[in-house]
Amino acid sequence: MLLTKFKGKEALIPQLKGKVFLVTCHGCKEVNLSGAEHEAELLFNEALASQHINGLLTADYICNPEYLQARFERFADQVREADTILVFSCGVGVQTIADAFPNKRVIAANDTYPLPGFQGVTPLEHDCKQCGQCYLNLTGGICPITACSKSLINGQCGGAKNGKCEVDPNMECGWERIQKKLAQIGRLDALKCPVQLRDYSVDAKSE
Amino acid sequence: MRITELFDNGEFVVTAEVGPPKGIHVDHLVEEAKEHLSGITAVNVTDNQSSVMRMGSLPTCVLLKNAGLTPILQLTCRDRNRIALQSELLGAAALGIDNILCLTGDHTRMGDHPGAKPVFDLDSVSLLHTVCQLEKGVDLAGNPLVGEAPKFAKGAVVSPCSDSVDAQLAKMERKVMAGAEYFQTQAVFDSEKFIQFMEQAKQFGKPVQLGVIIPKSAGMAKFMNKNVAGVHVPQWMIDELAADKEKAKAGITGVELAAKVIKECRPYCQGLHIMALGWEAKVPELLKLAGI
Amino acid sequence: MENYTKYALKPAEELVRLLEGRDNLFVLSCNKCYREFEAVTAPERDEFLKLAEDQGKTVTGTAAMDFLCNKTLTAKALADLIPAGTEYVAVIACGLGIQTVADLVELPVIALADSRSYGGHHGMALTQKKCGACAQCYLNITGGICPIVDCSKSLVNGQCGGAKNGKCEVDPNKDCAWEKIQQRLAQQGRLEELKNQPVQLRDWSKVNFKTINDYVKAIRAERFEGYYGGVHPTERVGVTEHLSLIRFPEPATAVIPLSMHAGAPANPVVQVGDQVQVGQVIGEAAGFISAPVHSSISGKVVAIEERPHASRGKCLSVVIENDGKNTVHESVKPGKPLEELTPAEIVEVVKKAGIVGMGGAGFPTYVKLMPNKPIEAVLLNGCECEPLLTADHRVLLEYTDEIIHGLKAIMKAVDAPKGVIVIEDNKLDAIARFEARLAGEANIEVVAARTKYPQGAEKMLIKRVLGRMVPSGKLPADVGAVVCNISTAKAISDAITTGMPLIERVVTVTGDYIASPKNFIAKIGTNVADLVAACGGITNADATVKAGGPMMGFIQTTLETPIMKGSNGIIAIKTDHAEPVACIQCGRCVDVCPMELKPLYFAKYAGLGQPQLLKERNIMDCMECRCCEYICSSKIPLVTLIRIGKNAVRGMK
């Protein structure tokens with residue numbers, strides 16, 4: 001599970017048709033320490049009174065279809081009866097369940113947010129947007145794609161005030177950091193590189 | 001003049017399409033249009049068609065308007081975010097361009113700048129919705145416009161011969177709900193398919209202009225079948241184009257075939273949209289042969 | 001299985017350009033993640049080294065590391081690694097690894113690789129499903145097919161005109177997402193719903209840097225609280241934490257194993273037919289690391305034979321039939337008060353009473369009380385970090401004075417100037433109770449530790465409280481600490497004040513599948529089945545029964561085992577039927593290992609007949625806390641494999 005936030009009861013109730021089977025994922029619990037389980041339980045307890053919910057499966061790593069099969073086996077009856085499967089997980093988990101039950105109304109209970117630095121092991125203060133053309137050589141190891149609100153690759157814009165970003169005054173201007181770092185390691189010459197152009201054709205989504 | 005008024009009057013609306021040049025010399029385009037397209041209702045001006053960079057649609061529209069034609073501004077969502085699109089629309093209204101066609105646009109990867117960032121902040125449906133907002137005197141964020149609100153004839157496109165007709169019909173309905181007032185279709189070569197499509201599409205109550213391309217050769221037909229979405233040239237047409245290469249090259253076969261499609265489909269549609277692809281000169285002949 | 005390797009080496013021309021005017025490179029490469037764990041090879045590094053050689057460059061050294069983005073471990077690995085004379089650190093990793101290294105080294109860093117783009121975030125299983133993390137999930141209107149990731153244009157209001165034969169205009173091998181959506185919804189009879197949606201507009205402001213950054217910082221703070229690694233399993237202690245201790249009836253028959261401690265099993269000193277009394281020695285310690293065993297009831301020895309044992313399969317046990325008289329053995333009598341006891345006398349009392357670590361490991365306590373090194377502090381472990389268990393929590397509340405008394409005895413025995421009682425902050429009532437009781441005690445303090453598993457592990461506790469790391473292969477005494485469980489301290493107090501050896505303990509019987517969970521005081525040798533029956537039995541045939549907590553407990557195949565000195569819990573929980581799949585190097589086990597080990601290698605190398613590799617990776621430091629197994633995204637039985645590996649290492653000599 002990536003970083004998720006509950007969509008809220010108001011947004012979900014109209015989506016729930018007929019009998020509802022709940023699935024909650026805590027696979028990435030340790031990285032997002034999310035309240036998904038708790039939210040699901042609250043909804044479960046509340047809705048139980050109105051007889052809409054016919055089962056709750058808490059599992060980890062529901063994005064793994066192999067596990068999913070083994071775990072759903074014991075809930076086969078409830079799932080068969082259910083009209084809606086409400087899933088508390090990131091978008092990957094919801095899609096996996098939607099694929100496993102193509103005839104069921106599968107509803108996502110959460111919105112999924114990008115989690116910086118969760119490409120490798122755990123969340124980090126660093127983020128990598130997988131731009132496919134690493135700029136870190138020009139910037140002293142500070143990523144302009146993620147450290148700059150505008151992902152500028154040719155230097156600072158005019159929006160920095162007191163070293164902070166115009167988009168968020170709590171965020172340090174990425175290019176100011178780059179400038180300092182390059183000065184520190186004696187590599188300010190890196191800024192004299194040719195004009196940089198992003199190549200968006202390397203985006204795998206459209207490959 | 002908004003072409004929706006003509007649809008309202010029950011007129012059979014004929015439009016054709018021109019593409020701005022990759023350069024700053026537009027005299028040729030304006031002259032050609034004046035010579036061959038003056039007889040038709042309006043002229044679509046494409047917006048970096050096929051993601052190939054060209055002169056902008058809006059200035060070209062203005063030049064055509066100055067030459068006495070009625071231009072339709074094509075607007076895609078590929079190159080501009082919602083701010084730029086709205087500002088373009090206000091500019092168009094100020095310059096007297098009041099016919100627009102809202103499209104999503106081809107992906108950047110399809111054109112001559114494959115490394116460009118594909119924007120798609122809005123899509124055709126949300127663009128139509130945005131236009132309606134402007135017409136109500138507010139922008140997409142709900143901020144009021146100063147003074148009189150713009151008014152457009154809002155067009156959209158649909159692919160009747162797509163192999164996913166259901167998805168196209170669903171999208172068409174969404175476009176109607178978002179404010180589309182008329183439709184131009186992707187090129188049709190198979191009348192039967194179009195007629196079947198119109199059986200479904202007529203429920204939306206919006207005028208539909210039959211899209212037509214004059215087929216230039218068997219090779220072009222095969223190429224389109226292979227590469228162009230929503231286009232299918234039936235085998236018998238390809239055979240006919242291949243049968244007499246000289247006749248095809250002169251455009252006689254193509255015009256005959258296109259005219260046949262128009263005649264067969266005319267009872268089912270409310271207008272005609274010709275994508276001449278450089279054969280603008282053949283448009284008058286085609287219209288004559290089709291009996292329009 | 002998809003391969004989500006995060007980076008690719010930059011093109012050769014670019015690398016040549018990058019090397020212009022630069023020399024003396026140290027080459028650092030990441031061993032990659034999110035792909036099937038086959039063998040550790042570094043083809044990109046080899047390719048680069050060849051290129052560098054062709055360019056006549058000097059390479060001052062190379063290193064391949066796992067999970068370069070793991071800042072804690074990378075920082076340690078990099079210390080003193082880069083030789084003098086190096087001018088540039090050239091890194092082959094994804095952007096995260098490169099940025100991490102750039103943060104950690106003083107030298108300029110050269111990025112030799114480009115991150116690969118996958119157009120979204122994948123899950124923990126390497127399937128093709130991806131999530132765009134758009135912060136406004138559209139799956140509810142699209143039948144569970146993602147329009148952000150699956151549509152090249154990320155359209156949210158329906159199909160564009162670019163689909164041909166159901167394929168995308170951008171990639172003829174890719175299905176048109178909106179065509180799939182259309183089909184899925186038609187199949188489900190939900191087309192109306194799609195049609196009636198309002199116009200959808202992406203809200204790009206939702207993915208807000210500040211929100212996410214704050215959130216990530218908070219997570220990291222919690223993850224690294226006190227020490228590296230660890231996990232936060234759902235505590236689920238609410239069921240039993242407020243249930244007072246109930247004295248379980250004397251067993252009709254007590255089965256007392258001769259091995260309830262680490263080290264050599266005790267030697268039986270009674271025979272079948274003998275009459276024994278409460279507190280009487282029935283087994284003598286069989287060496288330095290061993291402990292005597294006492295009868296918990298009075299009655300007749302009816303058998304000395306192999307009986308089922310919670311952690312060892314079978315074990316030689318003394319079976320005693322209760323005579324119901326509860327006669328106490330003459331050796332059980334109060335000794336001198338603590339004030340009059342010498343440290344050596346305290347050690348003797350503890351040794352004779354058969355007291356062993358009651359947190360589960362069962363290490364003979366008297367050995368700990370003879371550290372032969374200066375001890376700065378005695379830490380009493382009241383963390384009880386295992387989910388579900390509340391035995392120690394109840395002991396903290398109901399035997400507060402005994403625990404403090406026991407602590408003082410330990411402090412005296414090891415001559416420690418300071419005592420610390422460490423309690424997790426999910427037991428606030430116990431913390432308050434001790435704070436009140438210790439108000440006047442200058443040299444004993446209470447430390448509230450943030451709840452995190454395995455807080456109660458000896459080495460974690462020392463790190464958390466004293467900020468010291470016990471080096472590999474060393475003991476707590478080496479860093480000036482002695483750690484004891486609070487129940488052990490209570491047992492020491494009992495031995496001093498009443499002379500009663502360790503013949504009973506507190507045990508929690510709980511879990512989702514226990515009808516009516518309870519906390520008991522039970523005699524050693526009581527049948528587990530009787531305790532479970534007293535709690536209304538097990539409610540579901542699909543239960544997994546464990547002796548101990550859900551993390552470190554031993555899976556039980558029978559309830560016919562006795563309560564032992566280390567039995568803090570009997571639990572019946574849901575069984576997870578998922579089967580192990582191949583390791584994908586997701587790195588989660590490395591992220592949670594509190595000993596800062598790399599468990600994935602133990603799984604890989606165990607059974608390969610190469611114990612040397614395991615030893616090099618410090619497998620013997622593993623304390624089997626099971627964090628890695630708990631988090632494993634491939635469900636690999638890591639601890640079982642680690643035990644096999646440890647045996648192989650032990651057999652090396």
# chains A, B, ... in the order shown; residues from 1 in each chain; ligands from 1

call {"tool": "closest_atom_pairs", "arguments": {"of": "chain C", "to": "chain A", "cutoff": "7 Å", "atoms": "only C-alpha atoms", "output": "JSON lines"}}
result
{"residue": "C:Cys33", "atom": "CA", "partner": "A:Gly120", "partner_atom": "CA", "distance": 6.6}
{"residue": "C:Phe67", "atom": "CA", "partner": "A:Val121", "partner_atom": "CA", "distance": 6.5}
{"residue": "C:Cys69", "atom": "CA", "partner": "A:Gly120", "partner_atom": "CA", "distance": 6.4}
{"residue": "C:Asn70", "atom": "CA", "partner": "A:Val121", "partner_atom": "CA", "distance": 6.5}
{"residue": "C:Gly95", "atom": "CA", "partner": "A:Cys128", "partner_atom": "CA", "distance": 5.4}
{"residue": "C:Leu96", "atom": "CA", "partner": "A:Cys128", "partner_atom": "CA", "distance": 5.8}
{"residue": "C:Ile98", "atom": "CA", "partner": "A:Gly141", "partner_atom": "CA", "distance": 6.7}
{"residue": "C:Gln99", "atom": "CA", "partner": "A:Gly141", "partner_atom": "CA", "distance": 5.2}
{"residue": "C:Ala102", "atom": "CA", "partner": "A:Gly141", "partner_atom": "CA", "distance": 5.2}
{"residue": "C:Leu107", "atom": "CA", "partner": "A:Ile185", "partner_atom": "CA", "distance": 6.9}
{"residue": "C:Pro108", "atom": "CA", "partner": "A:Ile185", "partner_atom": "CA", "distance": 6.2}
{"residue": "C:Val109", "atom": "CA", "partner": "A:Gly141", "partner_atom": "CA", "distance": 6.6}
{"residue": "C:Ile110", "atom": "CA", "partner": "A:Asn137", "partner_atom": "CA", "distance": 5.5}
{"residue": "C:Ala111", "atom": "CA", "partner": "A:Asn137", "partner_atom": "CA", "distance": 5.6}
{"residue": "C:Ala113", "atom": "CA", "partner": "A:Cys134", "partner_atom": "CA", "distance": 6.9}
{"residue": "C:Asp114", "atom": "CA", "partner": "A:Cys134", "partner_atom": "CA", "distance": 4.8}
{"residue": "C:Ser115", "atom": "CA", "partner": "A:Gln130", "partner_atom": "CA", "distance": 4.9}
{"residue": "C:Arg116", "atom": "CA", "partner": "A:Gly132", "partner_atom": "CA", "distance": 5.2}
{"residue": "C:Ser117", "atom": "CA", "partner": "A:Gln130", "partner_atom": "CA", "distance": 4.6}
{"residue": "C:Tyr118", "atom": "CA", "partner": "A:Ala204", "partner_atom": "CA", "distance": 5.0}
{"residue": "C:Gly119", "atom": "CA", "partner": "A:Lys205", "partner_atom": "CA", "distance": 4.4}
{"residue": "C:His122", "atom": "CA", "partner": "A:Val92", "partner_atom": "CA", "distance": 6.7}
{"residue": "C:Gly123", "atom": "CA", "partner": "A:Cys63", "partner_atom": "CA", "distance": 5.7}
{"residue": "C:Met124", "atom": "CA", "partner": "A:Cys63", "partner_atom": "CA", "distance": 6.4}
{"residue": "C:Ala125", "atom": "CA", "partner": "A:Asn64", "partner_atom": "CA", "distance": 4.8}
{"residue": "C:Lys129", "atom": "CA", "partner": "A:Val92", "partner_atom": "CA", "distance": 5.8}
{"residue": "C:Lys130", "atom": "CA", "partner": "A:Val92", "partner_atom": "CA", "distance": 5.4}
{"residue": "C:Cys131", "atom": "CA", "partner": "A:Gly91", "partner_atom": "CA", "distance": 5.1}
{"residue": "C:Ala133", "atom": "CA", "partner": "A:Tyr113", "partner_atom": "CA", "distance": 4.5}
{"residue": "C:Cys134", "atom": "CA", "partner": "A:Tyr113", "partner_atom": "CA", "distance": 6.1}
{"residue": "C:Ala135", "atom": "CA", "partner": "A:Tyr113", "partner_atom": "CA", "distance": 4.8}
{"residue": "C:Gln136", "atom": "CA", "partner": "A:Asp111", "partner_atom": "CA", "distance": 5.1}
{"residue": "C:Cys137", "atom": "CA", "partner": "A:Asp111", "partner_atom": "CA", "distance": 4.9}
{"residue": "C:Leu139", "atom": "CA", "partner": "A:Ala108", "partner_atom": "CA", "distance": 6.4}
{"residue": "C:Asn140", "atom": "CA", "partner": "A:Ile107", "partner_atom": "CA", "distance": 5.1}
{"residue": "C:Gly143", "atom": "CA", "partner": "A:Val106", "partner_atom": "CA", "distance": 6.7}
{"residue": "C:Gly144", "atom": "CA", "partner": "A:Ala98", "partner_atom": "CA", "distance": 5.1}
{"residue": "C:Ile145", "atom": "CA", "partner": "A:Gln95", "partner_atom": "CA", "distance": 6.2}
{"residue": "C:Val149", "atom": "CA", "partner": "A:Lys205", "partner_atom": "CA", "distance": 6.7}
{"residue": "C:Ser152", "atom": "CA", "partner": "A:Ser206", "partner_atom": "CA", "distance": 5.1}
{"residue": "C:Val170", "atom": "CA", "partner": "A:Ser206", "partner_atom": "CA", "distance": 6.3}
{"residue": "C:Asp171", "atom": "CA", "partner": "A:Glu207", "partner_atom": "CA", "distance": 6.1}
{"residue": "C:Arg184", "atom": "CA", "partner": "A:Pro102", "partner_atom": "CA", "distance": 6.9}
{"residue": "C:Gln187", "atom": "CA", "partner": "A:Asn103", "partner_atom": "CA", "distance": 6.7}
{"residue": "C:Gln188", "atom": "CA", "partner": "A:Asn103", "partner_atom": "CA", "distance": 5.6}
{"residue": "C:Val207", "atom": "CA", "partner": "A:Tyr113", "partner_atom": "CA", "distance": 6.6}
{"residue": "C:Ile212", "atom": "CA", "partner": "A:Leu115", "partner_atom": "CA", "distance": 7.0}
{"residue": "C:Val216", "atom": "CA", "partner": "A:Pro123", "partner_atom": "CA", "distance": 6.4}
{"residue": "C:Ile219", "atom": "CA", "partner": "A:Asn32", "partner_atom": "CA", "distance": 6.5}
{"residue": "C:Val231", "atom": "CA", "partner": "A:Glu30", "partner_atom": "CA", "distance": 6.3}
{"residue": "C:His232", "atom": "CA", "partner": "A:Glu30", "partner_atom": "CA", "distance": 6.7}
{"residue": "C:His577", "atom": "CA", "partner": "A:Ala70", "partner_atom": "CA", "distance": 6.1}
{"residue": "C:Ala578", "atom": "CA", "partner": "A:Tyr67", "partner_atom": "CA", "distance": 4.9}
{"residue": "C:Glu579", "atom": "CA", "partner": "A:Tyr67", "partner_atom": "CA", "distance": 6.9}
{"residue": "C:Cys586", "atom": "CA", "partner": "A:Val121", "partner_atom": "CA", "distance": 6.5}
{"residue": "C:Gly587", "atom": "CA", "partner": "A:Val121", "partner_atom": "CA", "distance": 5.3}
{"residue": "C:Arg588", "atom": "CA", "partner": "A:Val121", "partner_atom": "CA", "distance": 6.4}
{"residue": "C:Asp591", "atom": "CA", "partner": "A:Val121", "partner_atom": "CA", "distance": 6.9}
{"residue": "C:Ser633", "atom": "CA", "partner": "A:Tyr61", "partner_atom": "CA", "distance": 6.6}

call {"tool": "interface_residues", "arguments": {"of": "chain B", "to": "chain C", "cutoff": "8 Å", "atoms": "only C-alpha atoms", "output": "VMD selection string"}}
result
chain B and resid 104 106 to 107 109 to 110 118 120 to 123 125 to 126 129 158 to 159 162 to 164 166 to 168 170 to 171 173 to 174 178 227 to 230

call {"tool": "closest_residue", "arguments": {"among": "B:Ile213, B:Leu73, B:Leu101, B:Ala141", "to": "Gly56 (chain B)", "atoms": "only C-alpha atoms"}}
result
B:Leu73

call {"tool": "residues_around", "arguments": {"residues": "Asn647 (chain C)", "least_positions_apart": "2", "cutoff": "12 Å", "atoms": "only C-alpha atoms", "output": "count of residues only"}}
result
20

call {"tool": "residues_around", "arguments": {"residues": "Ala180 (chain B)", "least_positions_apart": "2", "cutoff": "12 Å", "atoms": "only C-alpha atoms", "output": "PyMOL selection string"}}
result
chain B and resi 4+99-103+124-132+152-158+171-178+182-184+204-208

call {"tool": "residues_around", "arguments": {"residues": "Phe75 (chain A)", "least_positions_apart": "6", "cutoff": "9 Å", "atoms": "only C-alpha atoms", "output": "mmCIF file with all heavy atoms, in the first residue's frame"}}
result
data_model
loop_
_atom_site.group_PDB
_atom_site.id
_atom_site.type_symbol
_atom_site.label_atom_id
_atom_site.label_comp_id
_atom_site.auth_asym_id
_atom_site.auth_seq_id
_atom_site.Cartn_x
_atom_site.Cartn_y
_atom_site.Cartn_z
ATOM 1 N N GLY A 55 -19.033 -9.140 5.442
ATOM 2 C CA GLY A 55 -17.753 -9.767 5.713
ATOM 3 C C GLY A 55 -16.620 -8.770 5.702
ATOM 4 O O GLY A 55 -16.738 -7.703 5.102
ATOM 5 N N LEU A 56 -15.552 -9.123 6.407
ATOM 6 C CA LEU A 56 -14.381 -8.246 6.461
ATOM 7 C C LEU A 56 -13.138 -9.111 6.372
ATOM 8 O O LEU A 56 -12.952 -10.017 7.178
ATOM 9 C CB LEU A 56 -14.376 -7.440 7.767
ATOM 10 C CG LEU A 56 -13.084 -6.695 8.141
ATOM 11 C CD1 LEU A 56 -12.796 -5.583 7.146
ATOM 12 C CD2 LEU A 56 -13.181 -6.117 9.534
ATOM 13 N N LEU A 57 -12.317 -8.843 5.388
ATOM 14 C CA LEU A 57 -11.067 -9.582 5.244
ATOM 15 C C LEU A 57 -9.917 -8.602 5.406
ATOM 16 O O LEU A 57 -9.812 -7.643 4.653
ATOM 17 C CB LEU A 57 -10.996 -10.242 3.863
ATOM 18 C CG LEU A 57 -9.637 -10.790 3.431
ATOM 19 C CD1 LEU A 57 -9.151 -11.880 4.362
ATOM 20 C CD2 LEU A 57 -9.698 -11.317 2.008
#

call {"tool": "interface_residues", "arguments": {"of": "chain B", "to": "chain A", "cutoff": "6 Å", "atoms": "only C-alpha atoms", "output": "list in words"}}
result
Pro114, Gly115, Ala116 and Lys117 of chain B
